[in-house]
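target.pdb follows; it contains PDB, C-alpha atoms, pLDDT in the B column.
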MODEL        1
ATOM      1  CA  MET C   1      78.373  57.296 111.969  1.00 58.00           C
ATOM      2  CA  ASN C   2      81.778  57.940 113.387  1.00 62.00           C
ATOM      3  CA  PRO C   3      83.058  61.381 112.264  1.00 60.00           C
ATOM      4  CA  VAL C   4      86.689  60.278 112.427  1.00 62.00           C
ATOM      5  CA  LEU C   5      86.174  57.455 109.910  1.00 64.00           C
ATOM      6  CA  SER C   6      83.929  59.282 107.471  1.00 63.00           C
ATOM      7  CA  THR C   7      85.445  61.411 104.719  1.00 61.00           C
ATOM      8  CA  SER C   8      85.018  65.127 104.847  1.00 61.00           C
ATOM      9  CA  GLN C   9      82.593  66.688 102.406  1.00 63.00           C
ATOM     10  CA  LYS C  10      84.528  69.941 102.293  1.00 65.00           C
ATOM     11  CA  LYS C  11      87.130  70.248  99.592  1.00 69.00           C
ATOM     12  CA  TYR C  12      90.271  72.284 100.057  1.00 71.00           C
ATOM     13  CA  GLN C  13      89.967  75.699  98.479  1.00 76.00           C
ATOM     14  CA  GLU C  14      92.961  77.840  97.726  1.00 79.00           C
ATOM     15  CA  PRO C  15      92.884  81.134  99.553  1.00 82.00           C
ATOM     16  CA  GLN C  16      91.919  84.071  97.377  1.00 83.00           C
ATOM     17  CA  LYS C  17      94.809  86.105  96.097  1.00 86.00           C
ATOM     18  CA  ARG C  18      94.889  89.644  97.382  1.00 85.00           C
ATOM     19  CA  LYS C  19      94.214  92.308  94.822  1.00 84.00           C
ATOM     20  CA  VAL C  20      96.868  94.935  94.244  1.00 78.00           C
ATOM     21  CA  ARG C  21      95.616  98.482  94.477  1.00 83.00           C
ATOM     22  CA  SER C  22      95.507 100.251  91.145  1.00 81.00           C
ATOM     23  CA  ASP C  23      96.963 103.432  92.652  1.00 86.00           C
ATOM     24  CA  LYS C  24      99.865 101.687  94.401  1.00 90.00           C
ATOM     25  CA  LEU C  25     103.140 103.611  94.277  1.00 94.00           C
ATOM     26  CA  HIS C  26     106.554 102.074  93.648  1.00 95.00           C
ATOM     27  CA  ASP C  27     109.334 103.182  95.993  1.00 96.00           C
ATOM     28  CA  ILE C  28     112.751 103.799  94.444  1.00 96.00           C
ATOM     29  CA  LYS C  29     115.749 104.683  96.609  1.00 96.00           C
ATOM     30  CA  ILE C  30     118.290 106.935  94.923  1.00 96.00           C
ATOM     31  CA  PRO C  31     121.705 107.419  96.559  1.00 96.00           C
ATOM     32  CA  VAL C  32     122.836 111.061  96.799  1.00 95.00           C
ATOM     33  CA  THR C  33     125.831 112.862  98.264  1.00 94.00           C
ATOM     34  CA  ASP C  34     125.615 114.653 101.585  1.00 94.00           C
ATOM     35  CA  THR C  35     125.542 118.093  99.929  1.00 93.00           C
ATOM     36  CA  VAL C  36     122.658 117.111  97.640  1.00 93.00           C
ATOM     37  CA  ASP C  37     120.855 115.623 100.642  1.00 94.00           C
ATOM     38  CA  MET C  38     121.319 118.842 102.612  1.00 94.00           C
ATOM     39  CA  ILE C  39     120.022 120.960  99.713  1.00 92.00           C
ATOM     40  CA  LEU C  40     116.994 118.692  99.244  1.00 92.00           C
ATOM     41  CA  ARG C  41     116.163 118.862 102.954  1.00 92.00           C
ATOM     42  CA  ARG C  42     116.488 122.639 102.995  1.00 91.00           C
ATOM     43  CA  GLU C  43     114.415 123.124  99.844  1.00 89.00           C
ATOM     44  CA  SER C  44     111.711 120.686 100.940  1.00 89.00           C
ATOM     45  CA  HIS C  45     111.218 122.494 104.252  1.00 86.00           C
ATOM     46  CA  ARG C  46     111.424 125.957 102.729  1.00 85.00           C
ATOM     47  CA  TYR C  47     108.354 125.491 100.546  1.00 75.00           C
ATOM     48  CA  TRP C  48     105.187 124.574 102.464  1.00 67.00           C
ATOM     49  CA  ASN C  49     106.930 122.068 104.743  1.00 79.00           C
ATOM     50  CA  ARG C  50     106.956 119.321 102.133  1.00 86.00           C
ATOM     51  CA  SER C  51     108.868 116.103 102.583  1.00 92.00           C
ATOM     52  CA  LYS C  52     112.157 115.208 100.956  1.00 93.00           C
ATOM     53  CA  THR C  53     110.388 112.273  99.310  1.00 94.00           C
ATOM     54  CA  SER C  54     107.829 114.465  97.557  1.00 92.00           C
ATOM     55  CA  LEU C  55     110.537 116.837  96.323  1.00 92.00           C
ATOM     56  CA  GLY C  56     112.660 113.924  95.085  1.00 94.00           C
ATOM     57  CA  THR C  57     109.661 112.437  93.294  1.00 95.00           C
ATOM     58  CA  GLU C  58     108.929 115.792  91.675  1.00 93.00           C
ATOM     59  CA  ILE C  59     112.523 116.094  90.445  1.00 94.00           C
ATOM     60  CA  LEU C  60     112.498 112.551  89.029  1.00 95.00           C
ATOM     61  CA  ILE C  61     109.223 113.113  87.179  1.00 95.00           C
ATOM     62  CA  PHE C  62     110.543 116.470  85.894  1.00 93.00           C
ATOM     63  CA  GLY C  63     113.558 114.608  84.554  1.00 94.00           C
ATOM     64  CA  LEU C  64     111.421 112.047  82.761  1.00 94.00           C
ATOM     65  CA  GLU C  65     109.117 114.641  81.208  1.00 93.00           C
ATOM     66  CA  GLN C  66     111.396 117.615  80.472  1.00 90.00           C
ATOM     67  CA  VAL C  67     114.934 116.266  80.007  1.00 87.00           C
ATOM     68  CA  LEU C  68     115.744 114.484  76.767  1.00 87.00           C
ATOM     69  CA  LEU C  69     119.399 113.470  77.168  1.00 89.00           C
ATOM     70  CA  TYR C  70     120.766 111.634  80.174  1.00 90.00           C
ATOM     71  CA  PRO C  71     124.571 111.508  80.209  1.00 90.00           C
ATOM     72  CA  ASP C  72     126.151 108.589  81.992  1.00 90.00           C
ATOM     73  CA  VAL C  73     126.974 109.271  85.651  1.00 90.00           C
ATOM     74  CA  THR C  74     128.957 107.185  88.075  1.00 91.00           C
ATOM     75  CA  TYR C  75     126.730 105.198  90.370  1.00 92.00           C
ATOM     76  CA  LYS C  76     127.817 104.124  93.833  1.00 91.00           C
ATOM     77  CA  ASP C  77     125.968 103.401  97.029  1.00 90.00           C
ATOM     78  CA  LEU C  78     126.144 106.377  99.341  1.00 92.00           C
ATOM     79  CA  LEU C  79     125.130 107.043 102.915  1.00 93.00           C
ATOM     80  CA  TYR C  80     122.203 109.314 102.048  1.00 95.00           C
ATOM     81  CA  THR C  81     119.264 108.360  99.875  1.00 96.00           C
ATOM     82  CA  VAL C  82     116.186 110.009  98.437  1.00 96.00           C
ATOM     83  CA  HIS C  83     112.987 108.001  98.192  1.00 96.00           C
ATOM     84  CA  CYS C  84     110.899 108.561  95.094  1.00 96.00           C
ATOM     85  CA  LYS C  85     107.377 107.203  95.016  1.00 96.00           C
ATOM     86  CA  VAL C  86     106.138 106.881  91.453  1.00 96.00           C
ATOM     87  CA  ASN C  87     102.995 105.452  89.905  1.00 94.00           C
ATOM     88  CA  HIS C  88     102.971 102.349  87.742  1.00 93.00           C
ATOM     89  CA  GLU C  89     103.182 104.156  84.375  1.00 93.00           C
ATOM     90  CA  THR C  90     106.253 106.127  85.467  1.00 95.00           C
ATOM     91  CA  TYR C  91     107.811 102.948  86.845  1.00 96.00           C
ATOM     92  CA  GLN C  92     107.232 101.301  83.459  1.00 95.00           C
ATOM     93  CA  LYS C  93     109.002 104.200  81.685  1.00 95.00           C
ATOM     94  CA  ILE C  94     111.979 103.808  83.995  1.00 96.00           C
ATOM     95  CA  GLY C  95     111.878 100.066  83.338  1.00 95.00           C
ATOM     96  CA  ASP C  96     112.001 100.707  79.584  1.00 96.00           C
ATOM     97  CA  TYR C  97     115.149 102.794  80.061  1.00 95.00           C
ATOM     98  CA  ALA C  98     116.595 100.040  82.261  1.00 96.00           C
ATOM     99  CA  THR C  99     116.069  97.549  79.455  1.00 96.00           C
ATOM    100  CA  ALA C 100     117.604  99.861  76.852  1.00 95.00           C
ATOM    101  CA  TRP C 101     120.597 100.818  79.017  1.00 94.00           C
ATOM    102  CA  LYS C 102     121.037  97.284  80.409  1.00 95.00           C
ATOM    103  CA  CYS C 103     121.132  98.273  84.072  1.00 94.00           C
ATOM    104  CA  SER C 104     118.888  98.236  87.127  1.00 95.00           C
ATOM    105  CA  ILE C 105     115.896 100.468  87.727  1.00 95.00           C
ATOM    106  CA  GLN C 106     117.687 102.088  90.655  1.00 95.00           C
ATOM    107  CA  LYS C 107     120.668 103.025  88.452  1.00 96.00           C
ATOM    108  CA  VAL C 108     118.363 104.432  85.776  1.00 96.00           C
ATOM    109  CA  ALA C 109     116.453 106.460  88.355  1.00 96.00           C
ATOM    110  CA  HIS C 110     119.765 107.776  89.726  1.00 96.00           C
ATOM    111  CA  ARG C 111     120.910 108.813  86.255  1.00 95.00           C
ATOM    112  CA  ILE C 112     117.641 110.595  85.455  1.00 96.00           C
ATOM    113  CA  PHE C 113     117.415 112.171  88.907  1.00 96.00           C
ATOM    114  CA  MET C 114     120.947 113.588  88.839  1.00 94.00           C
ATOM    115  CA  GLU C 115     120.473 115.156  85.401  1.00 94.00           C
ATOM    116  CA  ALA C 116     117.116 116.649  86.396  1.00 94.00           C
ATOM    117  CA  TYR C 117     118.612 117.921  89.661  1.00 94.00           C
ATOM    118  CA  LYS C 118     121.427 119.674  87.751  1.00 91.00           C
ATOM    119  CA  LYS C 119     118.939 121.197  85.324  1.00 90.00           C
ATOM    120  CA  ARG C 120     116.758 122.585  88.113  1.00 85.00           C
ATOM    121  CA  GLN C 121     119.697 123.895  90.150  1.00 79.00           C
ATOM    122  CA  LEU C 122     121.321 125.625  87.165  1.00 71.00           C
ATOM    123  CA  GLY C 123     118.083 127.069  85.828  1.00 67.00           C
ATOM    124  CA  GLY C 124     117.585 124.709  82.940  1.00 55.00           C
ATOM    125  CA  VAL C 125     121.192 124.511  81.678  1.00 50.00           C
ATOM    126  CA  THR C 126     123.403 121.454  82.114  1.00 45.00           C
ATOM    127  CA  ASP C 127     127.158 121.064  81.715  1.00 47.00           C
ATOM    128  CA  GLY C 128     126.785 119.565  78.249  1.00 47.00           C
ATOM    129  CA  GLU C 129     124.855 122.582  76.967  1.00 45.00           C
ATOM    130  CA  ILE C 130     127.183 125.346  78.216  1.00 40.00           C
TER     131      ILE C 130
ENDMDL
END

Translate the structure of the given file into structure tokens.
Amino acid sequence: MNPVLSTSQKKYQEPQKRKVRSDKLHDIKIPVTDTVDMILRRESHRYWNRSKTSLGTEILIFGLEQVLLYPDVTYKDLLYTVHCKVNHETYQKIGDYATAWKCSIQKVAHRIFMEAYKKRQLGGVTDGEI
């Protein structure tokens, strides 16, 4: 038999889809002003040489868990950003707010982050509560 003329016995199989890790973190970039960036850098290095990302993530999660009201803030792209790496459940919560507020996840994260940042800097009191 001539191998060129005979049909192949092997059938085409689709490649297996890669599994997504269950503990995968979602990265959200939040624009901040240069003064907020400087404070976050200073605070992150002051306590146990942590990264700015871990401090930003902690502030965002604090905002989701402890803060109940999120006043509207102006959102604009800035030179400095803070990366927040959140798990899937937290990302879903932010997505629920994005659906309710009719804006992007990045804008929602910015709104929550800024309110939580104010609360932590002022010792638990925001402008609306004074």

Once the PyMOL selection byres ((chain C and resi 71-88) around 8) is applied to the coordinates I shared, what remains selected? I want it as a PDB file with C-alpha atoms, keeping the file's coordinate frame.
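Saved to result33.pdb:
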ATOM      1  CA  ASP C  23      96.963 103.432  92.652  1.00 86.00           C
ATOM      2  CA  LYS C  24      99.865 101.687  94.401  1.00 90.00           C
ATOM      3  CA  LEU C  25     103.140 103.611  94.277  1.00 94.00           C
ATOM      4  CA  HIS C  26     106.554 102.074  93.648  1.00 95.00           C
ATOM      5  CA  ASP C  27     109.334 103.182  95.993  1.00 96.00           C
ATOM      6  CA  ILE C  28     112.751 103.799  94.444  1.00 96.00           C
ATOM      7  CA  LYS C  29     115.749 104.683  96.609  1.00 96.00           C
ATOM      8  CA  ILE C  30     118.290 106.935  94.923  1.00 96.00           C
ATOM      9  CA  PRO C  31     121.705 107.419  96.559  1.00 96.00           C
ATOM     10  CA  VAL C  32     122.836 111.061  96.799  1.00 95.00           C
ATOM     11  CA  THR C  33     125.831 112.862  98.264  1.00 94.00           C
ATOM     12  CA  ASP C  34     125.615 114.653 101.585  1.00 94.00           C
ATOM     13  CA  ASP C  37     120.855 115.623 100.642  1.00 94.00           C
ATOM     14  CA  LYS C  52     112.157 115.208 100.956  1.00 93.00           C
ATOM     15  CA  THR C  53     110.388 112.273  99.310  1.00 94.00           C
ATOM     16  CA  SER C  54     107.829 114.465  97.557  1.00 92.00           C
ATOM     17  CA  GLY C  56     112.660 113.924  95.085  1.00 94.00           C
ATOM     18  CA  THR C  57     109.661 112.437  93.294  1.00 95.00           C
ATOM     19  CA  LEU C  60     112.498 112.551  89.029  1.00 95.00           C
ATOM     20  CA  LEU C  69     119.399 113.470  77.168  1.00 89.00           C
ATOM     21  CA  TYR C  70     120.766 111.634  80.174  1.00 90.00           C
ATOM     22  CA  GLU C  89     103.182 104.156  84.375  1.00 93.00           C
ATOM     23  CA  THR C  90     106.253 106.127  85.467  1.00 95.00           C
ATOM     24  CA  TYR C  91     107.811 102.948  86.845  1.00 96.00           C
ATOM     25  CA  GLN C  92     107.232 101.301  83.459  1.00 95.00           C
ATOM     26  CA  LYS C 107     120.668 103.025  88.452  1.00 96.00           C
ATOM     27  CA  HIS C 110     119.765 107.776  89.726  1.00 96.00           C
ATOM     28  CA  ARG C 111     120.910 108.813  86.255  1.00 95.00           C
ATOM     29  CA  GLU C 115     120.473 115.156  85.401  1.00 94.00           C
TER      30      GLU C 115
END

*Mind giving me the straight-line distance from CA of Val108 (chain C) to CA of Leu40 (chain C) in Å, one decimal?*
19.7 Å

*In Å to one decimal, how far is CA of Leu68 (chain C) from CA of Gln106 (chain C)?*
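Interatomic distance here is 18.7 Å.
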
_C:Leu64, C:Ile39, C:Cys103, C:Leu55 ranked by distance to Ala116 (chain C), top pick (using only C-alpha atoms)_ = C:Leu64

_My list of candidates is C:Lys93, C:Gln121, C:Lys19, C:Thr99. Which is closest to Glu43 (chain C) when distances are computed with all atoms listed in the file?_
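Among the listed residues, the smallest separation from Glu43 (chain C) belongs to C:Gln121.
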
*How far is it from CA of Ile59 (chain C) to CA of Phe113 (chain C), in Å with one decimal?*
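Atom-to-atom, CA of Ile59 (chain C) and CA of Phe113 (chain C) are spaced 6.5 Å apart.
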
*Residue with smallest distance to Glu65 (chain C) - pool C:Ser44, C:Asp96, C:Ile105, C:Ile112, counting all atoms listed in the file*: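 Smallest distance to Glu65 (chain C) is found for C:Ile112.
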
Where atoms are missing, can you supply N, CA and C atoms for region 82-116 of chain C and output the lot as a PDB file, in the frame of the given file?
ATOM      1  N   VAL C  82     117.446 109.315  98.651  1.00 96.00           N
ATOM      2  CA  VAL C  82     116.186 110.009  98.437  1.00 96.00           C
ATOM      3  C   VAL C  82     115.194 108.957  97.978  1.00 96.00           C
ATOM      4  N   HIS C  83     114.051 108.909  98.614  1.00 96.00           N
ATOM      5  CA  HIS C  83     112.987 108.001  98.192  1.00 96.00           C
ATOM      6  C   HIS C  83     112.126 108.719  97.167  1.00 96.00           C
ATOM      7  N   CYS C  84     111.812 108.039  96.101  1.00 96.00           N
ATOM      8  CA  CYS C  84     110.899 108.561  95.094  1.00 96.00           C
ATOM      9  C   CYS C  84     109.759 107.575  94.952  1.00 96.00           C
ATOM     10  N   LYS C  85     108.554 108.059  95.130  1.00 96.00           N
ATOM     11  CA  LYS C  85     107.377 107.203  95.016  1.00 96.00           C
ATOM     12  C   LYS C  85     106.652 107.564  93.723  1.00 96.00           C
ATOM     13  N   VAL C  86     106.695 106.634  92.774  1.00 96.00           N
ATOM     14  CA  VAL C  86     106.138 106.881  91.453  1.00 96.00           C
ATOM     15  C   VAL C  86     105.001 105.906  91.161  1.00 96.00           C
ATOM     16  N   ASN C  87     104.101 106.328  90.284  1.00 94.00           N
ATOM     17  CA  ASN C  87     102.995 105.452  89.905  1.00 94.00           C
ATOM     18  C   ASN C  87     103.476 104.386  88.925  1.00 94.00           C
ATOM     19  N   HIS C  88     102.593 103.506  88.546  1.00 93.00           N
ATOM     20  CA  HIS C  88     102.971 102.349  87.742  1.00 93.00           C
ATOM     21  C   HIS C  88     103.435 102.747  86.335  1.00 93.00           C
ATOM     22  N   GLU C  89     102.795 103.741  85.726  1.00 93.00           N
ATOM     23  CA  GLU C  89     103.182 104.156  84.375  1.00 93.00           C
ATOM     24  C   GLU C  89     104.604 104.727  84.372  1.00 93.00           C
ATOM     25  N   THR C  90     104.913 105.553  85.360  1.00 95.00           N
ATOM     26  CA  THR C  90     106.253 106.127  85.467  1.00 95.00           C
ATOM     27  C   THR C  90     107.280 105.030  85.721  1.00 95.00           C
ATOM     28  N   TYR C  91     106.927 104.075  86.559  1.00 96.00           N
ATOM     29  CA  TYR C  91     107.811 102.948  86.845  1.00 96.00           C
ATOM     30  C   TYR C  91     108.073 102.140  85.579  1.00 96.00           C
ATOM     31  N   GLN C  92     107.060 102.007  84.732  1.00 95.00           N
ATOM     32  CA  GLN C  92     107.232 101.301  83.459  1.00 95.00           C
ATOM     33  C   GLN C  92     108.182 102.054  82.533  1.00 95.00           C
ATOM     34  N   LYS C  93     108.086 103.401  82.503  1.00 95.00           N
ATOM     35  CA  LYS C  93     109.002 104.200  81.685  1.00 95.00           C
ATOM     36  C   LYS C  93     110.442 103.996  82.142  1.00 95.00           C
ATOM     37  N   ILE C  94     110.643 104.018  83.455  1.00 96.00           N
ATOM     38  CA  ILE C  94     111.979 103.808  83.995  1.00 96.00           C
ATOM     39  C   ILE C  94     112.460 102.397  83.652  1.00 96.00           C
ATOM     40  N   GLY C  95     111.542 101.440  83.706  1.00 95.00           N
ATOM     41  CA  GLY C  95     111.878 100.066  83.338  1.00 95.00           C
ATOM     42  C   GLY C  95     112.273  99.933  81.874  1.00 95.00           C
ATOM     43  N   ASP C  96     111.633 100.724  81.008  1.00 96.00           N
ATOM     44  CA  ASP C  96     112.001 100.707  79.584  1.00 96.00           C
ATOM     45  C   ASP C  96     113.421 101.227  79.390  1.00 96.00           C
ATOM     46  N   TYR C  97     113.771 102.291  80.122  1.00 95.00           N
ATOM     47  CA  TYR C  97     115.149 102.794  80.061  1.00 95.00           C
ATOM     48  C   TYR C  97     116.123 101.757  80.617  1.00 95.00           C
ATOM     49  N   ALA C  98     115.730 101.061  81.673  1.00 96.00           N
ATOM     50  CA  ALA C  98     116.595 100.040  82.261  1.00 96.00           C
ATOM     51  C   ALA C  98     116.875  98.927  81.256  1.00 96.00           C
ATOM     52  N   THR C  99     115.890  98.566  80.484  1.00 96.00           N
ATOM     53  CA  THR C  99     116.069  97.549  79.455  1.00 96.00           C
ATOM     54  C   THR C  99     116.994  98.059  78.345  1.00 96.00           C
ATOM     55  N   ALA C 100     116.786  99.297  77.931  1.00 95.00           N
ATOM     56  CA  ALA C 100     117.604  99.861  76.852  1.00 95.00           C
ATOM     57  C   ALA C 100     119.046 100.074  77.292  1.00 95.00           C
ATOM     58  N   TRP C 101     119.252 100.525  78.527  1.00 94.00           N
ATOM     59  CA  TRP C 101     120.597 100.818  79.017  1.00 94.00           C
ATOM     60  C   TRP C 101     121.260  99.619  79.688  1.00 94.00           C
ATOM     61  N   LYS C 102     120.529  98.528  79.813  1.00 95.00           N
ATOM     62  CA  LYS C 102     121.037  97.284  80.409  1.00 95.00           C
ATOM     63  C   LYS C 102     121.583  97.497  81.821  1.00 95.00           C
ATOM     64  N   CYS C 103     120.764  98.095  82.669  1.00 94.00           N
ATOM     65  CA  CYS C 103     121.132  98.273  84.072  1.00 94.00           C
ATOM     66  C   CYS C 103     119.861  98.222  84.922  1.00 94.00           C
ATOM     67  N   SER C 104     120.024  98.368  86.222  1.00 95.00           N
ATOM     68  CA  SER C 104     118.888  98.236  87.127  1.00 95.00           C
ATOM     69  C   SER C 104     118.026  99.485  87.125  1.00 95.00           C
ATOM     70  N   ILE C 105     116.819  99.341  87.638  1.00 95.00           N
ATOM     71  CA  ILE C 105     115.896 100.468  87.727  1.00 95.00           C
ATOM     72  C   ILE C 105     116.455 101.536  88.653  1.00 95.00           C
ATOM     73  N   GLN C 106     117.115 101.127  89.713  1.00 95.00           N
ATOM     74  CA  GLN C 106     117.687 102.088  90.655  1.00 95.00           C
ATOM     75  C   GLN C 106     118.797 102.915  89.991  1.00 95.00           C
ATOM     76  N   LYS C 107     119.614 102.298  89.151  1.00 96.00           N
ATOM     77  CA  LYS C 107     120.668 103.025  88.452  1.00 96.00           C
ATOM     78  C   LYS C 107     120.082 103.986  87.427  1.00 96.00           C
ATOM     79  N   VAL C 108     119.030 103.563  86.743  1.00 96.00           N
ATOM     80  CA  VAL C 108     118.363 104.432  85.776  1.00 96.00           C
ATOM     81  C   VAL C 108     117.746 105.628  86.484  1.00 96.00           C
ATOM     82  N   ALA C 109     117.075 105.372  87.597  1.00 96.00           N
ATOM     83  CA  ALA C 109     116.453 106.460  88.355  1.00 96.00           C
ATOM     84  C   ALA C 109     117.517 107.437  88.853  1.00 96.00           C
ATOM     85  N   HIS C 110     118.670 106.924  89.277  1.00 96.00           N
ATOM     86  CA  HIS C 110     119.765 107.776  89.726  1.00 96.00           C
ATOM     87  C   HIS C 110     120.264 108.659  88.588  1.00 96.00           C
ATOM     88  N   ARG C 111     120.419 108.072  87.422  1.00 95.00           N
ATOM     89  CA  ARG C 111     120.910 108.813  86.255  1.00 95.00           C
ATOM     90  C   ARG C 111     119.942 109.923  85.854  1.00 95.00           C
ATOM     91  N   ILE C 112     118.664 109.608  85.813  1.00 96.00           N
ATOM     92  CA  ILE C 112     117.641 110.595  85.455  1.00 96.00           C
ATOM     93  C   ILE C 112     117.538 111.663  86.533  1.00 96.00           C
ATOM     94  N   PHE C 113     117.550 111.236  87.790  1.00 96.00           N
ATOM     95  CA  PHE C 113     117.415 112.171  88.907  1.00 96.00           C
ATOM     96  C   PHE C 113     118.572 113.166  88.931  1.00 96.00           C
ATOM     97  N   MET C 114     119.796 112.697  88.766  1.00 94.00           N
ATOM     98  CA  MET C 114     120.947 113.588  88.839  1.00 94.00           C
ATOM     99  C   MET C 114     120.933 114.612  87.709  1.00 94.00           C
ATOM    100  N   GLU C 115     120.539 114.209  86.518  1.00 94.00           N
ATOM    101  CA  GLU C 115     120.473 115.156  85.401  1.00 94.00           C
ATOM    102  C   GLU C 115     119.364 116.179  85.627  1.00 94.00           C
ATOM    103  N   ALA C 116     118.217 115.731  86.123  1.00 94.00           N
ATOM    104  CA  ALA C 116     117.116 116.649  86.396  1.00 94.00           C
ATOM    105  C   ALA C 116     117.473 117.596  87.536  1.00 94.00           C
TER     106      ALA C 116
END
